[in-house]
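entry_18.txt follows (compact mmCIF, C-alpha atoms):
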```txt
# COMPACT_ATOMS: atom_id res chain seq x y z
CA MET A 1 -210.44 -43.73 135.12
CA GLY A 2 -209.33 -47.27 134.31
CA LYS A 3 -205.96 -48.16 132.82
CA LEU A 4 -207.63 -49.24 129.56
CA GLU A 5 -210.34 -46.60 129.40
CA GLY A 6 -211.89 -46.38 125.95
CA ARG A 7 -209.68 -49.03 124.36
CA ILE A 8 -210.88 -51.79 122.08
CA ALA A 9 -209.44 -55.22 122.86
CA VAL A 10 -209.63 -58.64 121.23
CA ILE A 11 -208.98 -61.82 123.21
CA THR A 12 -208.91 -65.19 121.51
CA GLY A 13 -209.83 -68.15 123.68
CA GLY A 14 -211.74 -65.74 125.89
CA SER A 15 -214.57 -67.98 127.07
CA SER A 16 -212.75 -69.64 130.00
CA GLY A 17 -209.56 -69.75 132.03
CA ILE A 18 -206.92 -67.09 131.48
CA GLY A 19 -208.79 -65.56 128.53
CA LEU A 20 -212.00 -65.04 130.49
CA ALA A 21 -210.15 -63.71 133.54
CA THR A 22 -208.35 -61.23 131.30
CA ALA A 23 -211.57 -60.14 129.62
CA LEU A 24 -213.08 -59.45 133.04
CA GLN A 25 -210.03 -57.39 134.06
CA PHE A 26 -209.92 -55.48 130.77
CA VAL A 27 -213.58 -54.50 131.06
CA ALA A 28 -213.07 -53.51 134.71
CA GLU A 29 -210.27 -51.21 133.52
CA GLY A 30 -212.52 -49.50 130.95
CA ALA A 31 -211.98 -51.49 127.74
CA TYR A 32 -214.54 -52.85 125.31
CA VAL A 33 -213.67 -56.49 124.63
CA PHE A 34 -214.29 -58.94 121.81
CA ILE A 35 -213.84 -62.56 122.89
CA THR A 36 -213.70 -65.73 120.82
CA GLY A 37 -214.20 -69.39 121.57
CA ARG A 38 -215.19 -72.58 119.78
CA ARG A 39 -218.25 -73.42 121.89
CA GLN A 40 -221.22 -71.06 121.80
CA SER A 41 -222.57 -72.21 125.16
CA GLU A 42 -219.32 -71.27 126.90
CA LEU A 43 -219.23 -67.93 125.10
CA ASP A 44 -222.78 -67.19 126.20
CA ALA A 45 -221.86 -67.98 129.82
CA ALA A 46 -218.76 -65.78 129.57
CA VAL A 47 -220.76 -62.84 128.21
CA ALA A 48 -223.24 -63.22 131.05
CA GLU A 49 -220.39 -63.22 133.59
CA ILE A 50 -218.64 -60.20 132.06
CA GLY A 51 -221.95 -58.37 131.90
CA SER A 52 -221.26 -55.37 129.66
CA ASN A 53 -218.86 -53.92 127.10
CA VAL A 54 -218.31 -57.31 125.46
CA THR A 55 -219.07 -59.00 122.15
CA ALA A 56 -218.60 -62.73 121.65
CA VAL A 57 -217.73 -64.15 118.24
CA GLN A 58 -217.88 -67.93 117.94
CA GLY A 59 -214.99 -69.38 115.98
CA ASP A 60 -211.83 -71.46 115.88
CA ALA A 61 -208.61 -69.41 115.86
CA SER A 62 -206.99 -72.00 113.58
CA ASN A 63 -209.69 -71.44 110.94
CA LEU A 64 -208.70 -68.44 108.83
CA THR A 65 -212.28 -67.91 107.67
CA ASP A 66 -213.36 -67.65 111.30
CA LEU A 67 -210.60 -65.10 111.92
CA ASP A 68 -211.83 -63.04 108.98
CA ARG A 69 -215.33 -63.10 110.41
CA LEU A 70 -214.01 -62.00 113.82
CA TYR A 71 -212.26 -58.96 112.40
CA GLU A 72 -215.17 -58.10 110.14
CA THR A 73 -217.29 -57.95 113.31
CA VAL A 74 -214.73 -55.75 115.08
CA GLN A 75 -214.52 -53.42 112.09
CA ARG A 76 -218.29 -53.15 111.81
CA GLU A 77 -218.90 -52.53 115.51
CA LYS A 78 -215.85 -50.52 116.65
CA GLY A 79 -213.63 -49.85 113.63
CA ARG A 80 -210.27 -50.40 115.33
CA ILE A 81 -208.19 -52.52 117.70
CA ASP A 82 -205.98 -51.09 120.45
CA VAL A 83 -205.08 -54.32 122.26
CA LEU A 84 -204.86 -57.93 121.09
CA PHE A 85 -204.29 -60.88 123.40
CA ALA A 86 -203.56 -63.94 121.24
CA ASN A 87 -204.39 -66.39 123.97
CA ALA A 88 -205.98 -69.42 122.31
CA GLY A 89 -203.83 -72.53 122.50
CA VAL A 90 -203.55 -76.18 123.44
CA SER A 91 -201.07 -78.15 125.56
CA THR A 92 -201.94 -81.69 124.53
CA PRO A 93 -201.44 -84.36 123.33
CA ARG A 94 -198.11 -85.03 125.01
CA ALA A 95 -195.75 -87.92 124.38
CA PRO A 96 -192.08 -88.89 124.77
CA LEU A 97 -189.93 -88.43 121.70
CA GLY A 98 -190.26 -92.00 120.48
CA GLU A 99 -194.08 -91.87 120.54
CA ILE A 100 -194.87 -88.50 118.92
CA ARG A 101 -197.36 -88.88 116.07
CA GLU A 102 -197.58 -86.63 113.03
CA GLN A 103 -201.18 -85.71 113.81
CA ASP A 104 -200.20 -84.65 117.34
CA PHE A 105 -197.45 -82.39 116.01
CA ASP A 106 -199.80 -80.90 113.41
CA LYS A 107 -202.53 -80.20 115.98
CA ILE A 108 -200.26 -78.38 118.42
CA PHE A 109 -198.39 -76.33 115.83
CA ASN A 110 -201.55 -75.52 113.87
CA ILE A 111 -203.19 -73.96 116.92
CA ASN A 112 -200.26 -72.60 118.92
CA VAL A 113 -198.13 -71.29 116.05
CA LYS A 114 -200.00 -71.00 112.75
CA ALA A 115 -203.26 -69.77 114.29
CA LEU A 116 -201.46 -67.28 116.52
CA LEU A 117 -199.51 -65.90 113.58
CA PHE A 118 -202.61 -65.29 111.48
CA THR A 119 -204.56 -64.00 114.49
CA VAL A 120 -202.00 -61.19 114.70
CA GLN A 121 -201.48 -60.70 110.97
CA LYS A 122 -205.17 -60.36 110.19
CA ALA A 123 -205.63 -57.84 113.02
CA LEU A 124 -203.00 -55.43 111.67
CA PRO A 125 -205.21 -53.46 109.24
CA LEU A 126 -207.44 -52.51 112.20
CA PHE A 127 -204.62 -51.92 114.66
CA THR A 128 -204.04 -48.50 116.19
CA ASN A 129 -200.49 -47.19 115.90
CA GLY A 130 -199.03 -47.39 119.39
CA GLY A 131 -201.22 -50.35 120.35
CA SER A 132 -200.24 -53.44 122.30
CA ILE A 133 -200.08 -57.08 121.23
CA LEU A 134 -199.83 -59.81 123.88
CA LEU A 135 -198.89 -63.39 123.08
CA ASN A 136 -199.60 -66.25 125.46
CA ALA A 137 -196.40 -68.28 125.69
CA SER A 138 -195.45 -70.60 128.59
CA VAL A 139 -192.66 -71.52 130.98
CA VAL A 140 -192.27 -74.75 128.99
CA ALA A 141 -190.39 -72.74 126.36
CA SER A 142 -187.63 -72.36 128.96
CA LYS A 143 -187.88 -75.66 130.85
CA GLY A 144 -186.90 -79.14 129.68
CA LEU A 145 -189.87 -81.19 130.83
CA PRO A 146 -190.52 -84.80 129.78
CA THR A 147 -193.18 -85.55 127.14
CA THR A 148 -193.62 -81.84 126.26
CA SER A 149 -191.16 -81.41 123.39
CA VAL A 150 -193.74 -80.47 120.75
CA TYR A 151 -195.73 -78.19 123.07
CA SER A 152 -192.52 -76.59 124.36
CA ALA A 153 -191.25 -75.99 120.83
CA SER A 154 -194.54 -74.34 119.86
CA LYS A 155 -194.28 -71.96 122.79
CA ALA A 156 -190.63 -71.22 121.98
CA ALA A 157 -191.88 -70.11 118.56
CA VAL A 158 -194.36 -67.79 120.28
CA ARG A 159 -191.55 -66.28 122.33
CA SER A 160 -189.57 -65.75 119.13
CA PHE A 161 -192.55 -64.04 117.50
CA ALA A 162 -192.54 -61.41 120.25
CA ARG A 163 -188.97 -60.50 119.36
CA THR A 164 -189.27 -60.47 115.59
CA TRP A 165 -192.67 -58.79 115.43
CA THR A 166 -191.38 -56.05 117.71
CA MET A 167 -188.96 -55.20 114.92
CA ASP A 168 -191.52 -55.69 112.14
CA LEU A 169 -193.95 -53.29 113.82
CA LYS A 170 -191.60 -50.73 115.34
CA ALA A 171 -192.44 -48.09 112.72
CA ARG A 172 -196.05 -48.24 113.91
CA LYS A 173 -194.97 -48.14 117.58
CA ILE A 174 -196.96 -51.30 118.25
CA ARG A 175 -195.52 -53.09 121.26
CA VAL A 176 -195.37 -56.91 121.23
CA ASN A 177 -194.78 -58.87 124.42
CA ALA A 178 -195.17 -62.45 125.58
CA ILE A 179 -196.69 -63.63 128.85
CA SER A 180 -195.37 -66.96 130.11
CA PRO A 181 -197.59 -68.44 132.80
CA GLY A 182 -196.53 -71.26 135.04
CA PRO A 183 -198.98 -74.00 136.08
CA THR A 184 -202.29 -72.20 136.43
CA ASP A 185 -205.52 -73.52 137.94
CA THR A 186 -207.75 -73.46 134.87
CA PRO A 187 -209.96 -76.05 133.14
CA LEU A 188 -206.93 -77.13 131.06
CA LEU A 189 -205.50 -78.79 134.20
CA SER A 190 -208.64 -80.92 134.60
CA PRO A 191 -209.36 -82.44 131.18
CA PRO A 192 -212.57 -84.48 130.82
CA SER A 193 -210.51 -87.62 130.24
CA GLN A 194 -209.25 -87.53 133.83
CA THR A 195 -211.06 -88.56 136.98
CA GLU A 196 -211.42 -86.13 139.86
CA GLU A 197 -208.68 -88.01 141.74
CA GLN A 198 -206.35 -87.91 138.73
CA SER A 199 -206.90 -84.17 138.39
CA ARG A 200 -206.20 -83.63 142.08
CA LEU A 201 -202.95 -85.58 141.93
CA ARG A 202 -201.92 -83.78 138.74
CA LYS A 203 -202.49 -80.38 140.32
CA GLU A 204 -200.60 -81.38 143.45
CA GLY A 205 -197.68 -82.51 141.30
CA PHE A 206 -197.57 -79.22 139.43
CA ALA A 207 -197.85 -77.20 142.65
CA ALA A 208 -194.95 -79.12 144.18
CA SER A 209 -192.71 -78.07 141.28
CA VAL A 210 -193.36 -74.35 141.82
CA PRO A 211 -191.04 -72.52 144.25
CA MET A 212 -194.04 -70.67 145.70
CA GLY A 213 -195.65 -74.05 146.42
CA ARG A 214 -198.95 -73.49 144.66
CA LEU A 215 -200.66 -73.14 141.32
CA GLY A 216 -201.20 -69.75 139.79
CA HIS A 217 -204.66 -68.22 139.51
CA ALA A 218 -206.08 -66.99 136.21
CA ASP A 219 -206.61 -63.56 137.79
CA GLU A 220 -202.88 -63.28 138.42
CA ILE A 221 -202.13 -63.81 134.74
CA ALA A 222 -204.86 -61.32 133.87
CA HIS A 223 -203.26 -58.63 136.04
CA ALA A 224 -200.02 -59.10 134.11
CA ALA A 225 -201.97 -58.78 130.85
CA VAL A 226 -203.48 -55.49 132.02
CA PHE A 227 -199.99 -54.20 132.80
CA LEU A 228 -198.65 -55.09 129.34
CA ALA A 229 -201.76 -53.75 127.59
CA SER A 230 -201.68 -50.42 129.40
CA ASP A 231 -199.44 -47.37 129.41
CA ASP A 232 -197.83 -48.68 132.60
CA SER A 233 -195.61 -50.74 130.29
CA SER A 234 -195.07 -48.02 127.67
CA PHE A 235 -191.30 -48.65 127.48
CA ILE A 236 -191.55 -52.44 127.39
CA THR A 237 -191.59 -54.40 124.14
CA GLY A 238 -190.16 -57.63 122.80
CA THR A 239 -189.96 -59.08 126.29
CA GLU A 240 -191.25 -62.16 128.08
CA LEU A 241 -193.03 -61.62 131.38
CA PHE A 242 -192.97 -64.75 133.51
CA VAL A 243 -195.95 -65.21 135.84
CA ASP A 244 -194.85 -68.57 137.15
CA GLY A 245 -194.24 -68.53 140.88
CA GLY A 246 -190.52 -68.72 140.13
CA LEU A 247 -190.69 -72.04 138.22
CA ALA A 248 -188.53 -70.96 135.27
CA GLN A 249 -186.32 -68.69 137.35
CA VAL A 250 -184.60 -70.89 139.95
```
Written as structure tokens, that's how I'd like the structure from this file.
Amino acid sequence: MGKLEGRIAVITGGSSGIGLATALQFVAEGAYVFITGRRQSELDAAVAEIGSNVTAVQGDASNLTDLDRLYETVQREKGRIDVLFANAGVSTPRAPLGEIREQDFDKIFNINVKALLFTVQKALPLFTNGGSILLNASVVASKGLPTTSVYSASKAAVRSFARTWTMDLKARKIRVNAISPGPTDTPLLSPPSQTEEQSRLRKEGFAASVPMGRLGHADEIAHAAVFLASDDSSFITGTELFVDGGLAQV
């Protein structure tokens, strides 16, 4: 029997990268998974890769109407949620303090903070008492890196949510934890605006900053998500689990 046997999970941003890797692991551990993403073609490819026990719902996590439609689908098909991984987020645009634009701030906070908040809030009526909520934070909330002040602040807010929501939801025994990945080899590290050589150099730079000397793999973040979603972490809540090769630790 899998660690998530019979559980109903929702993963936002589940069509690629960490979200897709986590969906694959959740299904392998016995869960039924709902995944979201903005692009239908990527969702279709993700469903084909996962193969079974998955429903894809196209939508933007920062659009509250899309969130309502997601949870209406979950309610109609399964009637409850046991695990939520609020994973959707962005890391760009980045700029030094003197060059930050209002629209850049609004974009990052709208997706990483506002959307995450309402992703969790709107799930609560369907949530099983004793369930598990996972929030995708980042090592940047703990590291002072140049040009990342807005992104880092948004992820610090996510870390704070894990603490405060633990207290808000303690009567329902819903655990809330944050996962903070380090540099991870996902499509986010190779944006379309960069050439292949630029992406290679960027990845090498990130890997050099990690004590373990390499990038993380999406599967490694997904294994941590399985741990926090399952009964293996039954006495863990309000915490931040770093999966970062030591980057924020030394």
Quiz item: Pick the closest to Val27 in chain A from A:Ala162, A:Asn53, A:Lys143, A:Ser91: which is it, counting all atoms listed in the file?
Solution: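 Of A:Ala162, A:Asn53, A:Lys143, A:Ser91, the one nearest Val27 in chain A, counting all atoms listed in the file, is A:Asn53.
Here CA of Glu49 in chain A and CA of Leu20 in chain A stand 9.1 Å from one another.
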Practice problem: Would you please work out which residue, of A:Ala115, A:Ile18, A:Ala95, A:Ala61, is nearest to Gly182 in chain A when using only C-alpha atoms? | Solution: A:Ile18
If you count only C-alpha atoms, which residues fall within 7 Å of range 125-140 of chain A, apart from same-chain ones fewer than 4 positions away, as a PDB file with C-alpha atoms, keeping the file's coordinate frame?
```pdb
ATOM      1  CA  GLY A  79    -213.630 -49.850 113.630  1.00  0.00           C
ATOM      2  CA  ARG A  80    -210.270 -50.400 115.330  1.00  0.00           C
ATOM      3  CA  ILE A  81    -208.190 -52.520 117.700  1.00  0.00           C
ATOM      4  CA  ASP A  82    -205.980 -51.090 120.450  1.00  0.00           C
ATOM      5  CA  VAL A  83    -205.080 -54.320 122.260  1.00  0.00           C
ATOM      6  CA  LEU A  84    -204.860 -57.930 121.090  1.00  0.00           C
ATOM      7  CA  PHE A  85    -204.290 -60.880 123.400  1.00  0.00           C
ATOM      8  CA  ALA A  86    -203.560 -63.940 121.240  1.00  0.00           C
ATOM      9  CA  ASN A  87    -204.390 -66.390 123.970  1.00  0.00           C
ATOM     10  CA  GLY A 144    -186.900 -79.140 129.680  1.00  0.00           C
ATOM     11  CA  SER A 152    -192.520 -76.590 124.360  1.00  0.00           C
ATOM     12  CA  LYS A 155    -194.280 -71.960 122.790  1.00  0.00           C
ATOM     13  CA  VAL A 158    -194.360 -67.790 120.280  1.00  0.00           C
ATOM     14  CA  ARG A 159    -191.550 -66.280 122.330  1.00  0.00           C
ATOM     15  CA  ARG A 172    -196.050 -48.240 113.910  1.00  0.00           C
ATOM     16  CA  LYS A 173    -194.970 -48.140 117.580  1.00  0.00           C
ATOM     17  CA  ILE A 174    -196.960 -51.300 118.250  1.00  0.00           C
ATOM     18  CA  ARG A 175    -195.520 -53.090 121.260  1.00  0.00           C
ATOM     19  CA  VAL A 176    -195.370 -56.910 121.230  1.00  0.00           C
ATOM     20  CA  ASN A 177    -194.780 -58.870 124.420  1.00  0.00           C
ATOM     21  CA  ALA A 178    -195.170 -62.450 125.580  1.00  0.00           C
ATOM     22  CA  ILE A 179    -196.690 -63.630 128.850  1.00  0.00           C
ATOM     23  CA  SER A 180    -195.370 -66.960 130.110  1.00  0.00           C
ATOM     24  CA  PRO A 181    -197.590 -68.440 132.800  1.00  0.00           C
ATOM     25  CA  GLY A 182    -196.530 -71.260 135.040  1.00  0.00           C
ATOM     26  CA  ALA A 229    -201.760 -53.750 127.590  1.00  0.00           C
ATOM     27  CA  ALA A 248    -188.530 -70.960 135.270  1.00  0.00           C
TER      28      ALA A 248
END
```
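Straight-line separation from CA of Thr119 in chain A to CA of Leu247 in chain A: 28.6 Å.
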Practice problem: Check the smallest atom-to-atom distance from each of A:Pro146, A:Gly238, A:Gly14, A:Gly245 to Ala45 in chain A using all atoms listed in the file, then report the winner. | Solution: A:Gly14
Quick one: everything within 7 Å of Leu4 in chain A, counting only C-alpha atoms, minus sequence neighbours fewer than 3 positions away in the same chain. Send it as a CSV table (one decimal) with C-alpha atoms, keeping the file's coordinate frame.
```csv
chain,number,residue,atom,x,y,z
A,7,ARG,CA,-209.7,-49.0,124.4
A,26,PHE,CA,-209.9,-55.5,130.8
A,29,GLU,CA,-210.3,-51.2,133.5
A,30,GLY,CA,-212.5,-49.5,131.0
A,31,ALA,CA,-212.0,-51.5,127.7
A,230,SER,CA,-201.7,-50.4,129.4
```
Quiz item: By how many Å are CA of Gln249 in chain A and CA of Ala88 in chain A apart?
Solution: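 Pair CA of Gln249 in chain A / CA of Ala88 in chain A returns 24.8 Å.
With all atoms listed in the file as the atoms that count, the residue of A:Ile108, A:Val90, A:Ile8, A:Ala222 with the shortest distance to Lys78 in chain A is A:Ile8.
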Quiz item: Skipping near chain neighbours, those fewer than 6 positions away, what residues fall within 12 Å of Thr65 in chain A using only C-alpha atoms, listed as a list of chain:residue names?
Solution: A:Gln58, A:Gly59, A:Tyr71, A:Glu72, A:Ala115, A:Phe118, A:Thr119, A:Lys122
As lines of an AutoDock Vina configuration file: centre and edge lengths in Å, one decimal, of the axis-aligned box holding range 163-175 of chain A with 8 Å per side:
```
center_x = -193.0
center_y = -54.3
center_z = 116.7
size_x = 24.0
size_y = 28.4
size_z = 25.1
```
Quiz item: Ala28 in chain A: which residues within 12 Å, counting only C-alpha atoms, same-chain residues fewer than 2 positions away excluded, as a PyMOL selection string?
Solution: chain A and resi 1-7+21-26+30-33+50-54+222-223+226
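Only residues having an atom at most 7 Å from (-204.7, -80.3, 139.1) are included; using all atoms listed in the file, these are A:Asp185, A:Leu189, A:Ser190, A:Ser199, A:Arg200, A:Leu201, A:Arg202, A:Lys203, A:Glu204.
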Practice problem: Point out the residue among A:Thr147, A:Thr36, A:Ser193, A:Asn63 with the least atom-to-atom distance to Gly19 in chain A, counting only C-alpha atoms. | Solution: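 When distances to Gly19 in chain A are compared using only C-alpha atoms, the smallest one comes from A:Thr36.
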Could you write range 160-188 of chain A as a PDB file, in the coordinates of the input, with N, CA and C atoms rebuilt where they are missing?
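result_13.pdb, freshly written:
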```
ATOM      1  N   SER A 160    -190.334 -66.333 120.230  1.00  0.00           N
ATOM      2  CA  SER A 160    -189.570 -65.750 119.130  1.00  0.00           C
ATOM      3  C   SER A 160    -190.394 -64.723 118.371  1.00  0.00           C
ATOM      4  N   PHE A 161    -191.672 -64.997 118.171  1.00  0.00           N
ATOM      5  CA  PHE A 161    -192.550 -64.040 117.500  1.00  0.00           C
ATOM      6  C   PHE A 161    -192.531 -62.685 118.199  1.00  0.00           C
ATOM      7  N   ALA A 162    -192.536 -62.690 119.520  1.00  0.00           N
ATOM      8  CA  ALA A 162    -192.540 -61.410 120.250  1.00  0.00           C
ATOM      9  C   ALA A 162    -191.328 -60.578 119.899  1.00  0.00           C
ATOM     10  N   ARG A 163    -190.195 -61.226 119.723  1.00  0.00           N
ATOM     11  CA  ARG A 163    -188.970 -60.500 119.360  1.00  0.00           C
ATOM     12  C   ARG A 163    -189.041 -59.969 117.922  1.00  0.00           C
ATOM     13  N   THR A 164    -189.339 -60.866 116.996  1.00  0.00           N
ATOM     14  CA  THR A 164    -189.270 -60.470 115.590  1.00  0.00           C
ATOM     15  C   THR A 164    -190.386 -59.506 115.214  1.00  0.00           C
ATOM     16  N   TRP A 165    -191.564 -59.699 115.767  1.00  0.00           N
ATOM     17  CA  TRP A 165    -192.670 -58.790 115.430  1.00  0.00           C
ATOM     18  C   TRP A 165    -192.462 -57.418 116.047  1.00  0.00           C
ATOM     19  N   THR A 166    -191.756 -57.357 117.158  1.00  0.00           N
ATOM     20  CA  THR A 166    -191.380 -56.050 117.710  1.00  0.00           C
ATOM     21  C   THR A 166    -190.625 -55.237 116.668  1.00  0.00           C
ATOM     22  N   MET A 167    -189.734 -55.891 115.950  1.00  0.00           N
ATOM     23  CA  MET A 167    -188.960 -55.200 114.920  1.00  0.00           C
ATOM     24  C   MET A 167    -189.811 -54.930 113.670  1.00  0.00           C
ATOM     25  N   ASP A 168    -190.652 -55.894 113.300  1.00  0.00           N
ATOM     26  CA  ASP A 168    -191.520 -55.690 112.140  1.00  0.00           C
ATOM     27  C   ASP A 168    -192.465 -54.512 112.322  1.00  0.00           C
ATOM     28  N   LEU A 169    -192.899 -54.276 113.569  1.00  0.00           N
ATOM     29  CA  LEU A 169    -193.950 -53.290 113.820  1.00  0.00           C
ATOM     30  C   LEU A 169    -193.436 -52.023 114.501  1.00  0.00           C
ATOM     31  N   LYS A 170    -192.123 -51.869 114.589  1.00  0.00           N
ATOM     32  CA  LYS A 170    -191.600 -50.730 115.340  1.00  0.00           C
ATOM     33  C   LYS A 170    -191.965 -49.390 114.703  1.00  0.00           C
ATOM     34  N   ALA A 171    -192.092 -49.356 113.373  1.00  0.00           N
ATOM     35  CA  ALA A 171    -192.440 -48.090 112.720  1.00  0.00           C
ATOM     36  C   ALA A 171    -193.842 -47.632 113.109  1.00  0.00           C
ATOM     37  N   ARG A 172    -194.702 -48.576 113.477  1.00  0.00           N
ATOM     38  CA  ARG A 172    -196.050 -48.240 113.910  1.00  0.00           C
ATOM     39  C   ARG A 172    -196.144 -48.105 115.434  1.00  0.00           C
ATOM     40  N   LYS A 173    -195.028 -48.271 116.112  1.00  0.00           N
ATOM     41  CA  LYS A 173    -194.970 -48.140 117.580  1.00  0.00           C
ATOM     42  C   LYS A 173    -195.921 -49.120 118.271  1.00  0.00           C
ATOM     43  N   ILE A 174    -196.148 -50.253 117.638  1.00  0.00           N
ATOM     44  CA  ILE A 174    -196.960 -51.300 118.250  1.00  0.00           C
ATOM     45  C   ILE A 174    -196.039 -52.180 119.088  1.00  0.00           C
ATOM     46  N   ARG A 175    -196.322 -52.269 120.363  1.00  0.00           N
ATOM     47  CA  ARG A 175    -195.520 -53.090 121.260  1.00  0.00           C
ATOM     48  C   ARG A 175    -195.999 -54.540 121.213  1.00  0.00           C
ATOM     49  N   VAL A 176    -195.052 -55.480 121.242  1.00  0.00           N
ATOM     50  CA  VAL A 176    -195.370 -56.910 121.230  1.00  0.00           C
ATOM     51  C   VAL A 176    -194.640 -57.575 122.385  1.00  0.00           C
ATOM     52  N   ASN A 177    -195.376 -58.205 123.268  1.00  0.00           N
ATOM     53  CA  ASN A 177    -194.780 -58.870 124.420  1.00  0.00           C
ATOM     54  C   ASN A 177    -195.425 -60.235 124.640  1.00  0.00           C
ATOM     55  N   ALA A 178    -194.664 -61.119 125.251  1.00  0.00           N
ATOM     56  CA  ALA A 178    -195.170 -62.450 125.580  1.00  0.00           C
ATOM     57  C   ALA A 178    -195.377 -62.572 127.085  1.00  0.00           C
ATOM     58  N   ILE A 179    -196.446 -63.250 127.464  1.00  0.00           N
ATOM     59  CA  ILE A 179    -196.690 -63.630 128.850  1.00  0.00           C
ATOM     60  C   ILE A 179    -196.443 -65.121 128.958  1.00  0.00           C
ATOM     61  N   SER A 180    -195.639 -65.537 129.926  1.00  0.00           N
ATOM     62  CA  SER A 180    -195.370 -66.960 130.110  1.00  0.00           C
ATOM     63  C   SER A 180    -195.857 -67.404 131.483  1.00  0.00           C
ATOM     64  N   PRO A 181    -197.066 -67.951 131.523  1.00  0.00           N
ATOM     65  CA  PRO A 181    -197.590 -68.440 132.800  1.00  0.00           C
ATOM     66  C   PRO A 181    -196.911 -69.742 133.211  1.00  0.00           C
ATOM     67  N   GLY A 182    -196.853 -69.949 134.518  1.00  0.00           N
ATOM     68  CA  GLY A 182    -196.530 -71.260 135.040  1.00  0.00           C
ATOM     69  C   GLY A 182    -197.803 -72.077 135.170  1.00  0.00           C
ATOM     70  N   PRO A 183    -197.766 -73.195 135.890  1.00  0.00           N
ATOM     71  CA  PRO A 183    -198.980 -74.000 136.080  1.00  0.00           C
ATOM     72  C   PRO A 183    -200.083 -73.156 136.708  1.00  0.00           C
ATOM     73  N   THR A 184    -201.203 -73.083 136.026  1.00  0.00           N
ATOM     74  CA  THR A 184    -202.290 -72.200 136.430  1.00  0.00           C
ATOM     75  C   THR A 184    -203.574 -73.007 136.584  1.00  0.00           C
ATOM     76  N   ASP A 185    -204.312 -72.745 137.638  1.00  0.00           N
ATOM     77  CA  ASP A 185    -205.520 -73.520 137.940  1.00  0.00           C
ATOM     78  C   ASP A 185    -206.653 -73.096 137.023  1.00  0.00           C
ATOM     79  N   THR A 186    -206.701 -73.709 135.855  1.00  0.00           N
ATOM     80  CA  THR A 186    -207.750 -73.460 134.870  1.00  0.00           C
ATOM     81  C   THR A 186    -208.316 -74.798 134.415  1.00  0.00           C
ATOM     82  N   PRO A 187    -209.393 -74.788 133.628  1.00  0.00           N
ATOM     83  CA  PRO A 187    -209.960 -76.050 133.140  1.00  0.00           C
ATOM     84  C   PRO A 187    -208.966 -76.929 132.379  1.00  0.00           C
ATOM     85  N   LEU A 188    -207.911 -76.337 131.794  1.00  0.00           N
ATOM     86  CA  LEU A 188    -206.930 -77.130 131.060  1.00  0.00           C
ATOM     87  C   LEU A 188    -206.209 -78.137 131.964  1.00  0.00           C
TER      88      LEU A 188
END
```
